[in-house]
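J.: Have a look at the structure that comes next, please.
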Amino acid sequence: MQRLLPVSPGDPHLLEARAEALYRGGVRQLLVREPTLDGRRLVALLNRLSQRFELIVHARNRHGEEIAQLAGHGLHLPGVADVAAVRERFQGLLGYSAHSDDDVLYAQAAGADYVTLSPIYRPTSKPEDDRTPLGPELAMAVQRNVRVKVFALGGVDPDRFGELRHGGVFGCAVLGGLFMVPDAEAAARAFLSTEVARQMDLLGG
């Protein structure tokens with residue numbers, strides 16, 4: 001999986017408008033959560049996006065699991081899902097929305113391949129969200145103690161992405177920092193250049 005996981009904005013028109021810019025910026029994977037679309041329009045959207053990206057379909061989409069299964073896309077489950085039951089019938093890439101360290105442990109034991117852990121910082125896409133941010137230290141500590149890939153979600157910008165990756169977190173899932181900015185291509189490049197710089201540091205470059 002790519003270390004930067006864009007989460008679609010809940011607006012299919014905005015998603016498609018920004019998709020090409022994100023691709024030019026180096027993004028190759030998308031988590032698609034567009035629950036306003038019916039099954040037919042969702043399939044059409046996914047078919048267009050799949051020409052550029054590896055896709056993960058959120059189960060909150062109408063018929064999300066069935067579509068992911070039939071099309072060979074990944075599947076992302078909400079926090080209320082029975083991960084083990086889905087794992088028995090779904091063999092592809094499987095993710096889960098976690099909101100605590102216990103959630104991450106549950107998802108790992110149930111067979112998830114990755115989790116999004118949120119909110120790490122105050123989400124830029126949800127200014128009304130009054131949940132207390134978990135903080136980067138928790139994300140780093142959780143990743144040190146699990147095998148499952150942890151994607152920090154909520155309020156992540158390129159600098160915070162670098163901090164989290166330096167601390168060992170597998171990756172970051174981003175909505176506002178990629179879809180609610182004037183230049184999505186430049187934003188994607190800023191995130192990914194941070195990752196390139198980290199890899200160069202590890203290699204002694």
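By convention in this document, the chains of the structure tokens carry letters A, B, ... by their order, each chain's residues are numbered from 1, and ligands are numbered from 1 in the order they are shown.
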Sort by chain and increasing residue number a table of all residues of region 8-45 of chain A within 8 Å of region 168-178 of chain A, each with its closest pair of atoms and their distance in Å to one decimal, counting only C-alpha atoms, and write it as a Markdown table.

T.:
```
| residue | atom | partner | partner_atom | distance |
| --- | --- | --- | --- | --- |
| A:Ser8 | CA | A:Leu175 | CA | 6.4 |
| A:Pro9 | CA | A:Leu175 | CA | 6.3 |
| A:Leu22 | CA | A:Leu178 | CA | 8.0 |
```

J.: Can you list, as a PDB file with N, CA and C atoms, in the first residue's frame, every residue of chain A that DSSP puts in strand (DSSP E or B)?

T.:
```
ATOM      1  N   LEU A   4       0.614   7.230   1.594  1.00  0.00           N
ATOM      2  CA  LEU A   4      -0.368   8.308   1.586  1.00  0.00           C
ATOM      3  C   LEU A   4      -1.664   7.775   0.998  1.00  0.00           C
ATOM      4  N   LEU A   5      -2.737   7.778   1.807  1.00  0.00           N
ATOM      5  CA  LEU A   5      -4.023   7.230   1.375  1.00  0.00           C
ATOM      6  C   LEU A   5      -5.067   8.343   1.353  1.00  0.00           C
ATOM      7  N   PRO A   6      -5.382   8.902   0.170  1.00  0.00           N
ATOM      8  CA  PRO A   6      -6.431   9.918   0.100  1.00  0.00           C
ATOM      9  C   PRO A   6      -7.808   9.311   0.355  1.00  0.00           C
ATOM     10  N   VAL A   7      -8.595  10.016   1.153  1.00  0.00           N
ATOM     11  CA  VAL A   7      -9.969   9.597   1.461  1.00  0.00           C
ATOM     12  C   VAL A   7     -10.911  10.529   0.727  1.00  0.00           C
ATOM     13  N   GLN A  29      -3.383   5.446  -5.135  1.00  0.00           N
ATOM     14  CA  GLN A  29      -4.382   4.667  -4.405  1.00  0.00           C
ATOM     15  C   GLN A  29      -5.410   5.618  -3.817  1.00  0.00           C
ATOM     16  N   LEU A  30      -6.683   5.220  -3.823  1.00  0.00           N
ATOM     17  CA  LEU A  30      -7.757   6.043  -3.267  1.00  0.00           C
ATOM     18  C   LEU A  30      -8.692   5.196  -2.423  1.00  0.00           C
ATOM     19  N   LEU A  31      -9.146   5.770  -1.321  1.00  0.00           N
ATOM     20  CA  LEU A  31     -10.230   5.186  -0.529  1.00  0.00           C
ATOM     21  C   LEU A  31     -11.499   5.944  -0.896  1.00  0.00           C
ATOM     22  N   VAL A  32     -12.437   5.257  -1.520  1.00  0.00           N
ATOM     23  CA  VAL A  32     -13.635   5.903  -2.060  1.00  0.00           C
ATOM     24  C   VAL A  32     -14.816   5.699  -1.119  1.00  0.00           C
ATOM     25  N   GLU A  54      -5.371   2.287  -7.782  1.00  0.00           N
ATOM     26  CA  GLU A  54      -5.812   1.123  -7.020  1.00  0.00           C
ATOM     27  C   GLU A  54      -6.884   1.634  -6.057  1.00  0.00           C
ATOM     28  N   LEU A  55      -8.027   0.969  -6.011  1.00  0.00           N
ATOM     29  CA  LEU A  55      -9.162   1.493  -5.265  1.00  0.00           C
ATOM     30  C   LEU A  55      -9.506   0.640  -4.053  1.00  0.00           C
ATOM     31  N   ILE A  56      -9.934   1.335  -3.004  1.00  0.00           N
ATOM     32  CA  ILE A  56     -10.506   0.705  -1.823  1.00  0.00           C
ATOM     33  C   ILE A  56     -11.911   1.282  -1.674  1.00  0.00           C
ATOM     34  N   VAL A  57     -12.904   0.435  -1.597  1.00  0.00           N
ATOM     35  CA  VAL A  57     -14.295   0.859  -1.535  1.00  0.00           C
ATOM     36  C   VAL A  57     -14.760   0.830  -0.088  1.00  0.00           C
ATOM     37  N   HIS A  58     -15.315   1.938   0.372  1.00  0.00           N
ATOM     38  CA  HIS A  58     -15.837   1.988   1.741  1.00  0.00           C
ATOM     39  C   HIS A  58     -17.168   1.248   1.804  1.00  0.00           C
ATOM     40  N   GLY A  74     -10.184  -3.241  -2.988  1.00  0.00           N
ATOM     41  CA  GLY A  74     -10.118  -3.399  -1.548  1.00  0.00           C
ATOM     42  C   GLY A  74     -11.432  -2.954  -0.911  1.00  0.00           C
ATOM     43  N   LEU A  75     -11.583  -3.253   0.379  1.00  0.00           N
ATOM     44  CA  LEU A  75     -12.803  -2.915   1.116  1.00  0.00           C
ATOM     45  C   LEU A  75     -12.431  -2.307   2.454  1.00  0.00           C
ATOM     46  N   HIS A  76     -13.097  -1.204   2.802  1.00  0.00           N
ATOM     47  CA  HIS A  76     -12.873  -0.553   4.091  1.00  0.00           C
ATOM     48  C   HIS A  76     -14.146  -0.613   4.915  1.00  0.00           C
ATOM     49  N   LEU A  77     -14.019  -1.072   6.174  1.00  0.00           N
ATOM     50  CA  LEU A  77     -15.171  -1.268   7.042  1.00  0.00           C
ATOM     51  C   LEU A  77     -15.283  -0.167   8.089  1.00  0.00           C
ATOM     52  N   LEU A  94      -8.348  -5.567   3.159  1.00  0.00           N
ATOM     53  CA  LEU A  94      -9.442  -5.242   4.082  1.00  0.00           C
ATOM     54  C   LEU A  94      -8.966  -4.249   5.136  1.00  0.00           C
ATOM     55  N   GLY A  95      -9.682  -3.120   5.229  1.00  0.00           N
ATOM     56  CA  GLY A  95      -9.357  -2.098   6.212  1.00  0.00           C
ATOM     57  C   GLY A  95     -10.498  -1.858   7.180  1.00  0.00           C
ATOM     58  N   TYR A  96     -10.205  -1.091   8.230  1.00  0.00           N
ATOM     59  CA  TYR A  96     -11.171  -0.880   9.312  1.00  0.00           C
ATOM     60  C   TYR A  96     -10.941   0.487   9.933  1.00  0.00           C
ATOM     61  N   SER A  97     -12.013   1.162  10.293  1.00  0.00           N
ATOM     62  CA  SER A  97     -11.936   2.468  10.952  1.00  0.00           C
ATOM     63  C   SER A  97     -11.815   2.285  12.456  1.00  0.00           C
ATOM     64  N   ALA A  98     -10.639   2.576  12.992  1.00  0.00           N
ATOM     65  CA  ALA A  98     -10.371   2.442  14.432  1.00  0.00           C
ATOM     66  C   ALA A  98     -10.322   3.822  15.075  1.00  0.00           C
ATOM     67  N   TYR A 114      -5.182  -3.440   7.357  1.00  0.00           N
ATOM     68  CA  TYR A 114      -4.768  -2.103   7.794  1.00  0.00           C
ATOM     69  C   TYR A 114      -5.921  -1.453   8.554  1.00  0.00           C
ATOM     70  N   VAL A 115      -5.614  -0.401   9.280  1.00  0.00           N
ATOM     71  CA  VAL A 115      -6.641   0.403   9.948  1.00  0.00           C
ATOM     72  C   VAL A 115      -6.360   1.877   9.689  1.00  0.00           C
ATOM     73  N   THR A 116      -7.414   2.679   9.700  1.00  0.00           N
ATOM     74  CA  THR A 116      -7.257   4.121   9.857  1.00  0.00           C
ATOM     75  C   THR A 116      -7.528   4.406  11.332  1.00  0.00           C
ATOM     76  N   LEU A 117      -6.673   5.183  11.956  1.00  0.00           N
ATOM     77  CA  LEU A 117      -6.812   5.511  13.374  1.00  0.00           C
ATOM     78  C   LEU A 117      -7.077   7.009  13.465  1.00  0.00           C
ATOM     79  N   LYS A 149      -1.086  -2.568   9.472  1.00  0.00           N
ATOM     80  CA  LYS A 149      -0.651  -1.238   9.030  1.00  0.00           C
ATOM     81  C   LYS A 149      -1.590  -0.171   9.598  1.00  0.00           C
ATOM     82  N   VAL A 150      -1.021   0.844  10.222  1.00  0.00           N
ATOM     83  CA  VAL A 150      -1.807   1.926  10.818  1.00  0.00           C
ATOM     84  C   VAL A 150      -1.658   3.178   9.954  1.00  0.00           C
ATOM     85  N   PHE A 151      -2.795   3.730   9.548  1.00  0.00           N
ATOM     86  CA  PHE A 151      -2.841   5.003   8.847  1.00  0.00           C
ATOM     87  C   PHE A 151      -3.440   6.045   9.786  1.00  0.00           C
ATOM     88  N   ALA A 152      -2.639   7.026  10.158  1.00  0.00           N
ATOM     89  CA  ALA A 152      -3.135   8.120  10.997  1.00  0.00           C
ATOM     90  C   ALA A 152      -4.069   8.988  10.164  1.00  0.00           C
ATOM     91  N   LEU A 153      -5.220   9.333  10.738  1.00  0.00           N
ATOM     92  CA  LEU A 153      -6.243  10.100  10.020  1.00  0.00           C
ATOM     93  C   LEU A 153      -6.720  11.252  10.892  1.00  0.00           C
ATOM     94  N   GLY A 171       1.533   4.909   7.684  1.00  0.00           N
ATOM     95  CA  GLY A 171       1.121   5.909   6.710  1.00  0.00           C
ATOM     96  C   GLY A 171       0.068   6.831   7.270  1.00  0.00           C
ATOM     97  N   CYS A 172      -0.464   7.680   6.397  1.00  0.00           N
ATOM     98  CA  CYS A 172      -1.491   8.633   6.797  1.00  0.00           C
ATOM     99  C   CYS A 172      -2.613   8.629   5.765  1.00  0.00           C
ATOM    100  N   ALA A 173      -3.840   8.708   6.255  1.00  0.00           N
ATOM    101  CA  ALA A 173      -5.014   8.884   5.412  1.00  0.00           C
ATOM    102  C   ALA A 173      -5.421  10.353   5.482  1.00  0.00           C
ATOM    103  N   VAL A 174      -5.701  10.944   4.328  1.00  0.00           N
ATOM    104  CA  VAL A 174      -5.890  12.396   4.269  1.00  0.00           C
ATOM    105  C   VAL A 174      -7.110  12.733   3.427  1.00  0.00           C
TER     106      VAL A 174
END
```

J.: For Met180 (chain A), which of A:Met1, A:Leu105, A:Leu14, A:Val80 is the closest residue, counting only C-alpha atoms?

T.: A:Leu14

J.: With only C-alpha atoms as the atoms that count, which of A:Arg33, A:Arg41, A:His166, A:His73 lies nearest to Ala59 (chain A)?

T.: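 Answer, going by the shortest atom-to-atom distance: A:Arg33.
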
J.: Counting only C-alpha atoms, what is within 7 Å of region 83-91 of chain A, bar same-chain residues fewer than 2 positions away, as a PyMOL selection string?

T.: chain A and resi 69+81+93+107+110-112

J.: Report, in Å with one decimal, the straight-line distance from CA of Gly162 (chain A) to CA of Arg147 (chain A).

T.: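 CA of Arg147 (chain A) lies at a distance of 20.6 Å from CA of Gly162 (chain A).
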
J.: I need the residue nearest Pro119 (chain A) from this list: A:Leu192, A:Val27, A:Ala141, A:Val156. Use only C-alpha atoms for the distance.

T.: A:Val156

J.: Hey, can you check how far CA of Thr124 (chain A) sits from CA of Phe161 (chain A)?

T.: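 Answer for the CA of Thr124 (chain A) to CA of Phe161 (chain A) separation: 14.3 Å.
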